[in-house]
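What follows is the content of entry-v4.cif (mmCIF, C-alpha atoms and all ligand atoms).
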data_work
#
loop_
_atom_site.label_atom_id
_atom_site.label_comp_id
_atom_site.auth_asym_id
_atom_site.auth_seq_id
_atom_site.Cartn_x
_atom_site.Cartn_y
_atom_site.Cartn_z
CA MET A 1 11.68 -2.42 -32.25
CA ALA A 2 12.50 -1.13 -28.76
CA THR A 3 9.64 -1.44 -26.27
CA SER A 4 8.95 0.30 -23.00
CA LEU A 5 6.67 -2.50 -21.79
CA PRO A 6 7.95 -3.89 -18.46
CA SER A 7 9.52 -7.35 -18.07
CA VAL A 8 8.85 -7.90 -14.38
CA LEU A 9 6.03 -7.11 -11.93
CA ILE A 10 7.64 -4.29 -9.97
CA SER A 11 9.75 -1.25 -10.68
CA ILE A 12 11.27 0.66 -7.78
CA PRO A 13 12.18 4.34 -8.13
CA GLU A 14 15.93 5.05 -8.16
CA GLY A 15 17.26 5.70 -4.66
CA VAL A 16 14.34 4.05 -2.82
CA LEU A 17 14.73 0.88 -0.75
CA ASP A 18 11.27 -0.62 -1.04
CA LEU A 19 10.45 -3.12 1.69
CA SER A 20 6.88 -3.60 0.52
CA TRP A 21 7.64 -6.56 -1.79
CA GLY A 22 8.06 -10.22 -0.86
CA HIS A 23 10.25 -10.89 -3.90
CA PRO A 24 13.68 -12.59 -3.69
CA SER A 25 16.80 -10.48 -4.29
CA PRO A 26 18.52 -11.07 -7.65
CA ARG A 27 21.43 -13.17 -6.35
CA LEU A 28 18.98 -15.73 -4.90
CA HIS A 29 17.74 -16.88 -8.30
CA ALA A 30 19.00 -20.39 -9.12
CA LEU A 31 20.21 -19.49 -12.64
CA ASP A 32 22.85 -22.24 -12.96
CA VAL A 33 20.49 -24.85 -11.54
CA PHE A 34 17.91 -24.05 -14.20
CA GLN A 35 20.45 -24.06 -17.00
CA ARG A 36 21.40 -27.62 -16.02
CA ALA A 37 17.77 -28.61 -15.36
CA ALA A 38 16.73 -27.44 -18.83
CA ALA A 39 19.42 -29.58 -20.48
CA HIS A 40 18.37 -32.57 -18.35
CA ALA A 41 14.64 -32.12 -19.11
CA TRP A 42 15.22 -31.81 -22.87
CA ALA A 43 17.40 -34.92 -22.84
CA THR A 44 15.05 -37.09 -20.79
CA THR A 45 11.45 -35.93 -21.38
CA ARG A 46 12.01 -35.11 -25.07
CA ALA A 47 8.84 -34.49 -27.14
CA ALA A 48 6.53 -35.07 -24.15
CA THR A 49 7.90 -31.78 -22.74
CA LEU A 50 5.96 -29.87 -25.40
CA GLN A 51 2.74 -31.95 -25.42
CA TYR A 52 -0.50 -31.17 -23.51
CA GLY A 53 0.11 -32.34 -19.94
CA ALA A 54 -1.74 -34.93 -17.83
CA GLU A 55 -4.78 -33.66 -15.88
CA GLN A 56 -3.27 -34.05 -12.40
CA GLY A 57 0.08 -32.63 -13.51
CA PHE A 58 3.35 -34.10 -14.82
CA GLY A 59 3.46 -37.60 -13.25
CA PRO A 60 7.22 -37.75 -12.55
CA LEU A 61 7.02 -34.40 -10.71
CA LEU A 62 3.99 -35.56 -8.67
CA ASN A 63 5.98 -38.62 -7.54
CA ALA A 64 9.17 -36.67 -6.84
CA LEU A 65 7.30 -33.93 -4.97
CA ALA A 66 5.38 -36.43 -2.83
CA ALA A 67 8.66 -38.13 -1.86
CA PHE A 68 10.33 -34.78 -1.17
CA LEU A 69 7.54 -33.42 1.04
CA SER A 70 7.30 -36.72 2.94
CA GLN A 71 10.93 -36.26 4.02
CA GLN A 72 10.56 -32.68 5.25
CA PRO A 73 10.60 -32.03 9.02
CA ALA A 74 8.05 -29.25 8.38
CA TYR A 75 5.54 -31.81 7.02
CA ARG A 76 5.92 -34.80 9.34
CA MET A 77 3.43 -36.79 7.28
CA THR A 78 3.52 -39.15 4.34
CA VAL A 79 2.37 -37.28 1.25
CA ALA A 80 0.82 -39.57 -1.38
CA PRO A 81 1.10 -38.59 -5.07
CA GLU A 82 -2.71 -39.09 -5.29
CA SER A 83 -3.13 -36.19 -2.86
CA LEU A 84 -1.33 -33.69 -5.13
CA PHE A 85 -2.42 -31.57 -8.11
CA LEU A 86 0.00 -29.23 -9.89
CA THR A 87 -1.07 -25.61 -10.28
CA GLY A 88 0.15 -22.33 -11.73
CA GLY A 89 1.18 -21.24 -8.20
CA ALA A 90 -0.77 -20.60 -5.02
CA SER A 91 -2.59 -17.54 -6.42
CA GLN A 92 -3.91 -19.48 -9.38
CA ALA A 93 -4.91 -22.35 -7.10
CA ILE A 94 -6.87 -19.97 -4.83
CA ASP A 95 -8.65 -18.58 -7.86
CA LEU A 96 -9.48 -22.09 -9.08
CA ALA A 97 -10.68 -23.14 -5.60
CA CYS A 98 -13.05 -20.14 -5.57
CA THR A 99 -14.38 -21.20 -8.99
CA LEU A 100 -14.91 -24.79 -7.85
CA PHE A 101 -16.07 -24.42 -4.26
CA ALA A 102 -17.88 -21.06 -3.95
CA ARG A 103 -20.67 -19.16 -5.68
CA GLU A 104 -21.17 -15.43 -6.13
CA GLY A 105 -22.38 -13.90 -2.83
CA ASP A 106 -20.91 -16.66 -0.64
CA THR A 107 -19.01 -15.71 2.50
CA ILE A 108 -15.29 -16.32 2.95
CA LEU A 109 -13.68 -15.86 6.35
CA VAL A 110 -10.11 -14.52 6.46
CA GLU A 111 -7.64 -13.64 9.18
CA GLU A 112 -7.39 -10.07 10.45
CA PRO A 113 -4.78 -9.15 9.19
CA THR A 114 -4.44 -11.20 5.98
CA TYR A 115 -2.32 -11.26 2.80
CA TYR A 116 -3.37 -8.01 1.12
CA LEU A 117 -3.31 -9.24 -2.50
CA VAL A 118 -5.54 -12.25 -1.92
CA SER A 119 -8.61 -10.10 -1.23
CA LYS A 120 -8.67 -9.08 -4.89
CA ILE A 121 -9.09 -12.75 -5.91
CA PHE A 122 -12.07 -13.06 -3.56
CA THR A 123 -13.69 -9.87 -4.83
CA ASP A 124 -13.10 -11.05 -8.43
CA HIS A 125 -15.36 -13.98 -7.46
CA HIS A 126 -17.88 -11.60 -5.81
CA LEU A 127 -17.40 -13.24 -2.42
CA ARG A 128 -18.24 -11.50 0.83
CA VAL A 129 -15.00 -11.24 2.87
CA ILE A 130 -15.30 -11.22 6.67
CA GLY A 131 -12.33 -10.94 9.05
CA VAL A 132 -11.70 -13.15 12.09
CA PRO A 133 -9.35 -11.85 14.83
CA THR A 134 -5.86 -13.28 15.33
CA ASP A 135 -3.27 -13.12 18.12
CA ALA A 136 0.35 -14.24 18.53
CA ASP A 137 -0.76 -17.89 18.02
CA GLY A 138 -2.64 -17.15 14.78
CA LEU A 139 -6.37 -17.33 14.09
CA CYS A 140 -8.43 -17.19 17.33
CA ALA A 141 -10.27 -20.52 17.09
CA ASP A 142 -12.58 -19.70 20.03
CA ILE A 143 -13.79 -16.46 18.40
CA LEU A 144 -14.21 -18.32 15.11
CA GLU A 145 -16.36 -20.88 16.89
CA SER A 146 -18.61 -18.17 18.34
CA ILE A 147 -19.00 -16.59 14.87
CA LEU A 148 -19.94 -19.98 13.40
CA ALA A 149 -22.41 -20.71 16.18
CA ASP A 150 -24.11 -17.29 15.81
CA PRO A 151 -27.28 -17.79 13.70
CA SER A 152 -27.26 -14.10 12.70
CA GLN A 153 -23.90 -14.55 10.90
CA PRO A 154 -23.78 -15.91 7.32
CA LYS A 155 -22.62 -19.52 6.99
CA PRO A 156 -19.18 -19.45 5.30
CA ALA A 157 -18.40 -21.53 2.21
CA LEU A 158 -14.65 -21.04 2.67
CA LEU A 159 -12.07 -19.96 5.22
CA TYR A 160 -8.72 -18.68 3.97
CA THR A 161 -5.78 -18.90 6.38
CA ILE A 162 -1.99 -18.64 6.31
CA PRO A 163 -1.22 -20.78 9.37
CA THR A 164 2.57 -20.80 9.07
CA TYR A 165 4.73 -17.64 9.09
CA GLN A 166 1.67 -15.63 8.29
CA ASN A 167 1.72 -12.80 5.78
CA PRO A 168 1.86 -10.12 7.21
CA SER A 169 2.18 -10.97 10.93
CA GLY A 170 4.72 -13.83 10.82
CA SER A 171 2.62 -15.74 13.39
CA VAL A 172 2.37 -19.54 13.49
CA LEU A 173 -0.94 -21.23 14.31
CA SER A 174 -0.45 -23.43 17.38
CA LEU A 175 -0.86 -27.20 17.14
CA GLU A 176 -3.93 -27.07 19.38
CA ARG A 177 -5.60 -24.47 17.15
CA ARG A 178 -4.73 -26.46 14.01
CA ARG A 179 -6.70 -29.40 15.40
CA ALA A 180 -9.53 -27.09 16.54
CA LEU A 181 -9.80 -25.40 13.13
CA VAL A 182 -10.07 -28.70 11.23
CA ASP A 183 -12.65 -29.88 13.74
CA LEU A 184 -14.72 -26.70 13.19
CA ALA A 185 -14.50 -27.09 9.40
CA GLN A 186 -15.81 -30.66 9.71
CA ARG A 187 -18.61 -29.68 12.12
CA TYR A 188 -19.78 -26.55 10.30
CA GLY A 189 -19.17 -27.80 6.74
CA PHE A 190 -16.84 -25.21 5.22
CA LEU A 191 -13.65 -25.71 3.21
CA VAL A 192 -10.34 -24.41 4.57
CA LEU A 193 -7.96 -22.90 2.01
CA SER A 194 -4.68 -23.23 3.85
CA ASP A 195 -2.00 -21.09 2.23
CA ASP A 196 1.20 -22.97 3.11
CA VAL A 197 3.65 -21.19 0.81
CA TYR A 198 6.05 -20.49 3.72
CA GLN A 199 5.77 -23.94 5.40
CA LEU A 200 9.27 -24.99 4.24
CA LEU A 201 10.96 -21.64 4.93
CA HIS A 202 11.72 -22.03 8.64
CA TYR A 203 14.85 -20.44 10.12
CA GLY A 204 14.91 -22.44 13.32
CA PRO A 205 12.91 -25.48 14.49
CA PRO A 206 10.27 -26.63 11.98
CA PRO A 207 6.67 -25.42 12.40
CA PRO A 208 3.75 -27.75 13.26
CA PRO A 209 2.56 -29.88 10.32
CA PRO A 210 0.20 -28.26 7.78
CA LEU A 211 -3.56 -28.35 8.51
CA VAL A 212 -4.05 -30.99 5.81
CA ALA A 213 -2.18 -33.45 8.07
CA PHE A 214 -5.20 -33.37 10.44
CA ASP A 215 -7.85 -33.75 7.73
CA ASP A 216 -9.18 -37.22 6.97
CA THR A 217 -12.54 -36.14 5.51
CA GLY A 218 -11.62 -33.65 2.77
CA CYS A 219 -12.18 -30.24 4.36
CA VAL A 220 -8.69 -28.74 3.82
CA VAL A 221 -6.95 -27.65 0.63
CA SER A 222 -3.25 -26.96 1.23
CA LEU A 223 -1.65 -24.53 -1.22
CA GLY A 224 2.06 -25.03 -1.86
CA SER A 225 4.30 -23.07 -4.20
CA PHE A 226 7.73 -23.19 -5.80
CA SER A 227 7.67 -19.36 -5.81
CA LYS A 228 9.23 -19.04 -2.36
CA ILE A 229 11.58 -22.06 -2.43
CA LEU A 230 12.81 -21.96 -6.05
CA ALA A 231 11.66 -18.99 -8.16
CA PRO A 232 8.41 -16.99 -8.53
CA GLY A 233 8.79 -16.65 -12.32
CA LEU A 234 8.10 -20.39 -12.64
CA ARG A 235 4.42 -19.84 -11.77
CA LEU A 236 4.28 -23.38 -10.45
CA GLY A 237 2.77 -24.73 -7.27
CA TRP A 238 0.63 -27.55 -5.97
CA VAL A 239 -2.55 -28.37 -4.13
CA GLN A 240 -2.40 -31.07 -1.46
CA ALA A 241 -5.75 -32.44 -0.35
CA HIS A 242 -7.90 -35.54 0.12
CA PRO A 243 -8.10 -37.43 -3.23
CA THR A 244 -11.84 -36.62 -3.52
CA LEU A 245 -10.93 -32.92 -3.67
CA ILE A 246 -8.03 -33.58 -6.04
CA ARG A 247 -10.50 -35.20 -8.45
CA ARG A 248 -12.58 -31.99 -8.39
CA PHE A 249 -9.52 -29.94 -9.38
CA MET A 250 -8.66 -32.43 -12.15
CA ALA A 251 -12.20 -32.25 -13.53
CA THR A 252 -12.23 -28.47 -14.02
CA GLY A 253 -13.04 -27.25 -17.53
CA MET A 254 -9.75 -25.37 -17.84
CA VAL A 255 -7.83 -28.64 -17.47
CA ALA A 256 -10.21 -30.60 -19.70
CA SER A 257 -9.61 -28.10 -22.48
CA GLY A 258 -5.95 -27.13 -21.90
CA GLY A 259 -4.41 -30.12 -20.11
CA GLY A 260 -2.47 -30.15 -16.85
CA LEU A 261 -1.34 -26.73 -15.64
CA ASN A 262 2.10 -25.40 -16.45
CA HIS A 263 3.32 -28.65 -17.95
CA MET A 264 6.62 -27.60 -19.49
CA THR A 265 7.78 -25.80 -16.36
CA SER A 266 6.87 -28.95 -14.43
CA THR A 267 9.36 -30.94 -16.51
CA LEU A 268 12.09 -28.43 -15.57
CA VAL A 269 11.23 -28.51 -11.88
CA HIS A 270 11.10 -32.30 -12.00
CA ALA A 271 14.71 -32.24 -13.23
CA VAL A 272 15.64 -29.98 -10.28
CA LEU A 273 14.09 -32.43 -7.81
CA ASP A 274 15.33 -35.54 -9.60
CA GLN A 275 18.92 -34.29 -9.50
CA GLY A 276 18.66 -33.45 -5.78
CA TRP A 277 19.07 -29.69 -6.32
CA LEU A 278 15.94 -28.46 -4.48
CA ALA A 279 17.04 -29.29 -0.91
CA PRO A 280 20.38 -27.39 -1.18
CA ASN A 281 18.54 -24.42 -2.69
CA ILE A 282 16.11 -24.31 0.24
CA ASP A 283 19.03 -24.65 2.69
CA MET A 284 20.77 -21.71 1.01
CA LEU A 285 17.58 -19.62 1.21
CA ARG A 286 17.06 -20.52 4.88
CA THR A 287 20.63 -19.51 5.78
CA THR A 288 20.39 -16.26 3.82
CA TYR A 289 16.98 -15.23 5.16
CA ALA A 290 17.84 -16.24 8.74
CA ALA A 291 20.83 -13.87 8.67
CA ARG A 292 18.61 -11.10 7.32
CA VAL A 293 16.02 -11.66 10.07
CA GLN A 294 18.76 -11.28 12.69
CA ALA A 295 20.23 -8.18 11.04
CA LEU A 296 16.85 -6.49 10.60
CA ALA A 297 15.78 -7.28 14.17
CA ALA A 298 19.08 -5.90 15.51
CA ALA A 299 18.76 -2.71 13.43
CA LEU A 300 15.16 -2.21 14.57
CA ARG A 301 16.22 -2.62 18.21
CA THR A 302 19.07 -0.13 17.74
CA HIS A 303 17.27 2.58 15.77
CA LEU A 304 13.59 2.17 16.64
CA ARG A 305 13.65 0.96 20.24
CA ASP A 306 10.45 2.17 21.99
CA LYS A 307 9.01 3.29 18.64
CA VAL A 308 7.87 -0.06 17.24
CA CYS A 309 6.88 -3.43 18.72
CA PHE A 310 7.62 -6.59 16.79
CA GLU A 311 8.28 -10.33 17.09
CA ALA A 312 11.18 -11.49 14.87
CA PRO A 313 9.60 -14.17 12.60
CA GLY A 314 10.75 -17.81 12.76
CA GLY A 315 10.26 -18.16 8.99
CA GLY A 316 8.65 -16.58 5.94
CA PHE A 317 9.40 -13.12 4.55
CA PHE A 318 7.88 -10.49 6.85
CA PHE A 319 8.18 -8.33 9.97
CA TRP A 320 4.94 -6.78 11.22
CA LEU A 321 5.74 -3.57 13.09
CA THR A 322 3.25 -1.96 15.45
CA CYS A 323 3.71 1.74 16.26
CA PRO A 324 2.03 3.70 19.07
CA PRO A 325 -1.75 4.12 18.48
CA HIS A 326 -1.57 7.75 17.27
CA VAL A 327 0.80 6.89 14.37
CA ASP A 328 -0.88 6.70 10.94
CA THR A 329 1.45 4.60 8.77
CA ALA A 330 -0.50 5.29 5.54
CA ALA A 331 -0.24 9.06 6.09
CA LEU A 332 3.51 8.74 6.79
CA LEU A 333 4.24 6.76 3.62
CA PRO A 334 4.89 9.78 1.32
CA LEU A 335 7.34 11.15 3.89
CA ALA A 336 9.05 7.77 4.10
CA GLN A 337 9.35 7.63 0.32
CA GLU A 338 10.95 11.10 0.35
CA ALA A 339 13.45 9.69 2.86
CA GLY A 340 14.17 6.83 0.40
CA VAL A 341 12.24 3.98 2.02
CA SER A 342 8.90 2.35 1.30
CA TYR A 343 6.74 -0.19 3.15
CA ARG A 344 3.19 -1.57 3.14
CA PRO A 345 0.83 0.28 5.57
CA GLY A 346 -1.33 -1.86 7.90
CA PRO A 347 -4.89 -1.04 6.68
CA GLY A 348 -4.27 -2.80 3.32
CA PHE A 349 -4.13 -6.11 5.22
CA SER A 350 -7.51 -5.71 6.84
CA PRO A 351 -10.98 -6.25 5.33
CA SER A 352 -12.27 -3.66 7.82
CA GLY A 353 -9.41 -1.16 7.30
CA GLY A 354 -7.87 -1.68 10.76
CA PHE A 355 -4.20 -1.66 11.81
CA SER A 356 -3.67 2.03 10.94
CA ASN A 357 -0.62 2.11 13.26
CA ALA A 358 1.00 -1.03 11.78
CA LEU A 359 3.22 -1.65 8.79
CA ARG A 360 4.71 -4.66 7.04
CA VAL A 361 8.32 -4.84 5.90
CA SER A 362 9.93 -7.66 3.91
CA PHE A 363 13.60 -8.61 3.98
CA ALA A 364 13.38 -10.82 0.87
CA LEU A 365 14.54 -8.26 -1.70
CA TYR A 366 17.52 -6.72 0.12
CA GLU A 367 20.93 -7.68 1.44
CA ILE A 368 22.01 -7.12 5.04
CA ASP A 369 23.81 -3.80 4.47
CA GLU A 370 20.76 -2.42 2.66
CA LEU A 371 18.47 -3.55 5.49
CA GLU A 372 20.58 -1.67 8.02
CA GLU A 373 20.42 1.47 5.88
CA VAL A 374 16.68 1.10 5.38
CA VAL A 375 16.01 1.03 9.13
CA LYS A 376 18.00 4.24 9.59
CA ARG A 377 15.79 5.88 6.95
CA LEU A 378 12.64 4.49 8.57
CA ALA A 379 13.77 5.88 11.91
CA GLN A 380 13.99 9.41 10.44
CA VAL A 381 10.26 9.19 9.72
CA LEU A 382 8.89 7.14 12.63
CA THR A 383 10.79 9.01 15.35
CA LYS A 384 9.60 12.47 14.23
C1 LIG A 401 0.63 -15.83 1.61
C2 LIG A 401 0.96 -15.83 0.15
N1 LIG A 401 0.24 -16.59 -0.69
C3 LIG A 401 0.52 -16.63 -2.00
C4 LIG A 401 1.53 -15.87 -2.54
C5 LIG A 401 1.77 -15.95 -4.01
O1 LIG A 401 2.10 -17.28 -4.32
P1 LIG A 401 2.32 -17.74 -5.84
O2 LIG A 401 3.51 -16.99 -6.34
O3 LIG A 401 2.57 -19.21 -5.75
O4 LIG A 401 1.09 -17.41 -6.59
C6 LIG A 401 2.28 -15.04 -1.71
C7 LIG A 401 3.34 -14.19 -2.26
O5 LIG A 401 3.74 -13.20 -1.68
C8 LIG A 401 2.00 -15.03 -0.33
O6 LIG A 401 2.69 -14.28 0.53
#
For the structure just supplied, provide its representation as structure tokens.
Amino acid sequence: MATSLPSVLISIPEGVLDLSWGHPSPRLHALDVFQRAAAHAWATTRAATLQYGAEQGFGPLLNALAAFLSQQPAYRMTVAPESLFLTGGASQAIDLACTLFAREGDTILVEEPTYYLVSKIFTDHHLRVIGVPTDADGLCADILESILADPSQPKPALLYTIPTYQNPSGSVLSLERRRALVDLAQRYGFLVLSDDVYQLLHYGPPPPPPLVAFDDTGCVVSLGSFSKILAPGLRLGWVQAHPTLIRRFMATGMVASGGGLNHMTSTLVHAVLDQGWLAPNIDMLRTTYAARVQALAAALRTHLRDKVCFEAPGGGFFFWLTCPPHVDTAALLPLAQEAGVSYRPGPGFSPSGGFSNALRVSFALYEIDELEEVVKRLAQVLTK
């Protein structure tokens, strides 16, 4: 029987170019790679593919992933298989970390601005979300320190940060601040949830190593994902942390009852790594996205000069555009949609509803010619 139930997360109205989604464009999906990987996994892993998986995750993938990350210029550290735990993606890992390391009513600190969808996970866990200011170098560690030292402020259980190619701002936390943040977590006794899903997507020189590289006591949980470097439909990612924290993830009731997370997909992704197909896929994505960053930046300079300020990102998926203070990007959105373009207004990224004159656009879903067209449409609205 025909069904009208949707197959994928988003549907975009005909005629609209919607820059609000960080989803890869259709031609970037590694369809052939997965066809070959499936054949390889069935031939090699056989019946174990369909069994309950090991608590930490599929062993061969843990080994292959540790070796892969250890070779990446963006990691610059040796990643031990004992420091990894396979997850159903970064979102699921954040949810699990909240279950394991926070209680209802606890405080979680986040960047201002932060990834707009993550807040829902924190409110699902009844956490109190408080913003910490950021600048071009990421989270302001000095302001964080004054918040932590202030006895009138609640002591946080967690701090959530996206240190590399931040969503939405594209900023990269400086090396100095990375060290300072880990030091503060150790001194004040909170856990850092470091969302590193864009760590490997650099379009120029690699970023500083992830925060977990500076943690020798177990105060950082790094969240990695295959969503941005392979395919989001896999729902597969990993946690990298001190082995004492990894044991906490392995001991969760969900794993005790259901086995390691996303086991069968892990066998497929293991085949991709084992055959050496992941690195070329990431290279292809870097080349594609780098060209889009250049094209979008050039179009913004041509059509919106003086109307928006931005820094072209060195990696990740997003441009954060700041308009003059009187512009209300949420109020302009219906007009933009009438002009055939959509974006994500700034206040959605702020726990306190700030950034009313900012907007986030993503280049992940569109090709260069579409990005040029989209900026022309945006200009019709923002230059009024
Ligand atoms: C910062 C950030 N974290 C997490 C996610 C989602 O990751 P996953 O697909 O692994 O759940 C996204 C996707 O847009 C993101 O931008």
For this session: Choose the residue, out of A:Leu173, A:Val79, A:Ala231, A:Val272, that has the smallest atom-to-atom separation from ligand LIG 401 (chain A); count all atoms listed in the file.
Result: A:Ala231
Exercise. For ligand LIG 401 (chain A), which residue among A:Leu230, A:Ala43, A:Ala30, A:Ala90 is the nearest when counting all atoms listed in the file?
Worked result: A:Ala90
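Between atom CA of A:Asp124 and atom CA of A:Leu159 there is a distance of 16.3 Å.
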For this session: List all protein, DNA and RNA residues that have any atom at most 6 Å from ligand LIG 401 (chain A), counting all atoms listed in the file, and write the list as a PyMOL selection string.
Result: chain A and resi 22+89-91+115+167+195+197+225+227+232+237
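Here atom CA of A:Phe355 and atom CA of A:Ser11 stand 26.5 Å from one another.
With distances restricted to all atoms listed in the file, A:Gln294 is the closest residue to A:Gly204 from A:Gln294, A:Ser174, A:Ser152, A:Thr161.
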Skip stretch 63-74 of chain A itself and residues of its chain fewer than 5 positions away, then list as a PDB file with C-alpha atoms, in the frame of the given file all residues within 7 Å of it, counting only C-alpha atoms.
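Final output, saved to out16.pdb:
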ATOM      1  CA  VAL A  79       2.370 -37.280   1.250  1.00  0.00           C
ATOM      2  CA  ALA A  80       0.820 -39.570  -1.380  1.00  0.00           C
ATOM      3  CA  PRO A  81       1.100 -38.590  -5.070  1.00  0.00           C
ATOM      4  CA  GLN A 199       5.770 -23.940   5.400  1.00  0.00           C
ATOM      5  CA  LEU A 200       9.270 -24.990   4.240  1.00  0.00           C
ATOM      6  CA  PRO A 206      10.270 -26.630  11.980  1.00  0.00           C
ATOM      7  CA  PRO A 207       6.670 -25.420  12.400  1.00  0.00           C
ATOM      8  CA  PRO A 208       3.750 -27.750  13.260  1.00  0.00           C
ATOM      9  CA  PRO A 209       2.560 -29.880  10.320  1.00  0.00           C
ATOM     10  CA  LEU A 273      14.090 -32.430  -7.810  1.00  0.00           C
ATOM     11  CA  ASP A 274      15.330 -35.540  -9.600  1.00  0.00           C
TER      12      ASP A 274
END
Can I get stretch 153-166 of chain A with N, CA and C atoms filled in, as a PDB file, in the coordinates of the input?
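Output file out.pdb follows:
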ATOM      1  N   GLN A 153     -25.053 -14.698  11.814  1.00  0.00           N
ATOM      2  CA  GLN A 153     -23.900 -14.550  10.900  1.00  0.00           C
ATOM      3  C   GLN A 153     -24.090 -15.481   9.696  1.00  0.00           C
ATOM      4  N   PRO A 154     -23.644 -15.025   8.494  1.00  0.00           N
ATOM      5  CA  PRO A 154     -23.780 -15.910   7.320  1.00  0.00           C
ATOM      6  C   PRO A 154     -22.887 -17.148   7.458  1.00  0.00           C
ATOM      7  N   LYS A 155     -23.390 -18.268   6.940  1.00  0.00           N
ATOM      8  CA  LYS A 155     -22.620 -19.520   6.990  1.00  0.00           C
ATOM      9  C   LYS A 155     -21.520 -19.450   5.927  1.00  0.00           C
ATOM     10  N   PRO A 156     -20.243 -19.592   6.319  1.00  0.00           N
ATOM     11  CA  PRO A 156     -19.180 -19.450   5.300  1.00  0.00           C
ATOM     12  C   PRO A 156     -19.072 -20.670   4.389  1.00  0.00           C
ATOM     13  N   ALA A 157     -18.724 -20.421   3.117  1.00  0.00           N
ATOM     14  CA  ALA A 157     -18.400 -21.530   2.210  1.00  0.00           C
ATOM     15  C   ALA A 157     -16.927 -21.895   2.385  1.00  0.00           C
ATOM     16  N   LEU A 158     -16.104 -20.860   2.620  1.00  0.00           N
ATOM     17  CA  LEU A 158     -14.650 -21.040   2.670  1.00  0.00           C
ATOM     18  C   LEU A 158     -14.053 -20.277   3.841  1.00  0.00           C
ATOM     19  N   LEU A 159     -12.897 -20.743   4.289  1.00  0.00           N
ATOM     20  CA  LEU A 159     -12.070 -19.960   5.220  1.00  0.00           C
ATOM     21  C   LEU A 159     -10.664 -19.974   4.647  1.00  0.00           C
ATOM     22  N   TYR A 160     -10.082 -18.774   4.490  1.00  0.00           N
ATOM     23  CA  TYR A 160      -8.720 -18.680   3.970  1.00  0.00           C
ATOM     24  C   TYR A 160      -7.782 -18.337   5.125  1.00  0.00           C
ATOM     25  N   THR A 161      -6.733 -19.141   5.290  1.00  0.00           N
ATOM     26  CA  THR A 161      -5.780 -18.900   6.380  1.00  0.00           C
ATOM     27  C   THR A 161      -4.350 -19.110   5.904  1.00  0.00           C
ATOM     28  N   ILE A 162      -3.430 -18.407   6.550  1.00  0.00           N
ATOM     29  CA  ILE A 162      -1.990 -18.640   6.310  1.00  0.00           C
ATOM     30  C   ILE A 162      -1.444 -19.063   7.681  1.00  0.00           C
ATOM     31  N   PRO A 163      -1.518 -20.357   8.000  1.00  0.00           N
ATOM     32  CA  PRO A 163      -1.220 -20.780   9.370  1.00  0.00           C
ATOM     33  C   PRO A 163       0.253 -20.705   9.753  1.00  0.00           C
ATOM     34  N   THR A 164       1.137 -20.704   8.759  1.00  0.00           N
ATOM     35  CA  THR A 164       2.570 -20.800   9.070  1.00  0.00           C
ATOM     36  C   THR A 164       3.333 -19.605   8.518  1.00  0.00           C
ATOM     37  N   TYR A 165       3.982 -18.855   9.438  1.00  0.00           N
ATOM     38  CA  TYR A 165       4.730 -17.640   9.090  1.00  0.00           C
ATOM     39  C   TYR A 165       3.817 -16.720   8.276  1.00  0.00           C
ATOM     40  N   GLN A 166       2.770 -16.341   8.943  1.00  0.00           N
ATOM     41  CA  GLN A 166       1.670 -15.630   8.290  1.00  0.00           C
ATOM     42  C   GLN A 166       2.135 -14.369   7.590  1.00  0.00           C
TER      43      GLN A 166
END
